[in-house]
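Single-structure report; data block below.
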Amino acid sequence: MKKFSAIILNLVLLALPALLWASEGLEVPEELGKKVDLANLGSINYFFAHWYNDNLWVYATIVTVLMGLLGFTIALVTDVILKMIGMETHKMEHHE
């Protein structure tokens, strides 16, 4: 339960500046108002540019999840390759 409450607290603290900014009715900063031209983009580039233009929160979530999955995949492939060449890749125990 402690971990869950810590996660909720972090989400609230991360969302607080955005909520305060939106409650003031301020104009959108120029950096956030930029749009990507979709005219000459291919499939995967069009997909990400479309989400970037439509909803930055969804774009950020998709990119973050994909980065995590890519990192996990790279670590898994590296682990398999190292095992194939005979290196030990198990966790080491530390005794202090």
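Chain labels A, B, ... are given in the sequence in which chains occur in the structure tokens; within each chain residues are numbered consecutively from 1, and ligands are likewise numbered from 1 in the order shown.
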Fill in: Neighbour list for range 58-68 of chain A as a list in words, cut-off 8 Å, only C-alpha atoms, skip fewer than 6 positions in-chain
Phe48, Trp51 and Tyr52 of chain A
File dump, residues just selected, N, CA and C atoms, as a PDB file, in the first residue's frame:
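Okay, this is what ended up in out.pdb:
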```pdb
ATOM      1  N   PHE A  48       3.240   9.041 -35.349  1.00  0.00           N
ATOM      2  CA  PHE A  48       3.725   9.820 -34.210  1.00  0.00           C
ATOM      3  C   PHE A  48       3.426  11.310 -34.384  1.00  0.00           C
ATOM      4  N   TRP A  51      -0.260  11.978 -33.500  1.00  0.00           N
ATOM      5  CA  TRP A  51      -0.490  12.021 -32.052  1.00  0.00           C
ATOM      6  C   TRP A  51       0.124  13.263 -31.435  1.00  0.00           C
ATOM      7  N   TYR A  52       1.287  13.688 -31.941  1.00  0.00           N
ATOM      8  CA  TYR A  52       1.926  14.901 -31.423  1.00  0.00           C
ATOM      9  C   TYR A  52       1.036  16.118 -31.655  1.00  0.00           C
TER      10      TYR A  52
END
```
Item to complete: Can you check which residues of chain A DSSP gives as helix (DSSP H, G or I) on the backbone and send them as a ChimeraX atom specification?
Response: /A:2-23,43-54,56-84
Worksheet item: CA of Ala15 in chain A to CA of Trp57 in chain A: how many Å, to one decimal?
Response: 11.0 Å
Discussion item. Give me, as number ranges by chain, all polymer residues having an atom no more than 12 Å from range 86-94 of chain A, counting only C-alpha atoms and skipping those fewer than 6 positions away in the same chain.
Written reply: A: 75-80
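The gap separating CA of His50 in chain A from CA of Lys34 in chain A is 12.4 Å, in Å to one decimal.
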Worksheet item: What does the distance from CA of Leu13 in chain A to CA of Leu56 in chain A come to in Å, to one decimal?
Response: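 Separating CA of Leu13 in chain A from CA of Leu56 in chain A is a distance of 18.5 Å.
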Worksheet entry | Non-local contacts of Asp37 in chain A (10 Å; only C-alpha atoms; under 6 positions in same chain excluded) as a PyMOL selection string | chain A and resi 46+49-50+53
Can you spit out the residues from that selection as a short mmCIF file (atom, residue, chain, number, x, y, z; two decimals), in the first residue's frame, using N, CA and C atoms?
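To be explicit, this is the file written out as out38.cif:
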```cif
data_model
loop_
_atom_site.label_atom_id
_atom_site.label_comp_id
_atom_site.auth_asym_id
_atom_site.auth_seq_id
_atom_site.Cartn_x
_atom_site.Cartn_y
_atom_site.Cartn_z
N TYR A 46 4.11 9.42 -39.70
CA TYR A 46 2.77 10.01 -39.70
C TYR A 46 2.04 9.68 -38.40
N ALA A 49 3.57 11.83 -35.59
CA ALA A 49 3.29 13.25 -35.82
C ALA A 49 1.81 13.56 -35.59
N HIS A 50 0.94 12.63 -35.99
CA HIS A 50 -0.49 12.82 -35.78
C HIS A 50 -0.82 12.89 -34.29
N ASN A 53 0.45 16.19 -32.85
CA ASN A 53 -0.41 17.33 -33.16
C ASN A 53 -1.72 17.28 -32.39
#
```
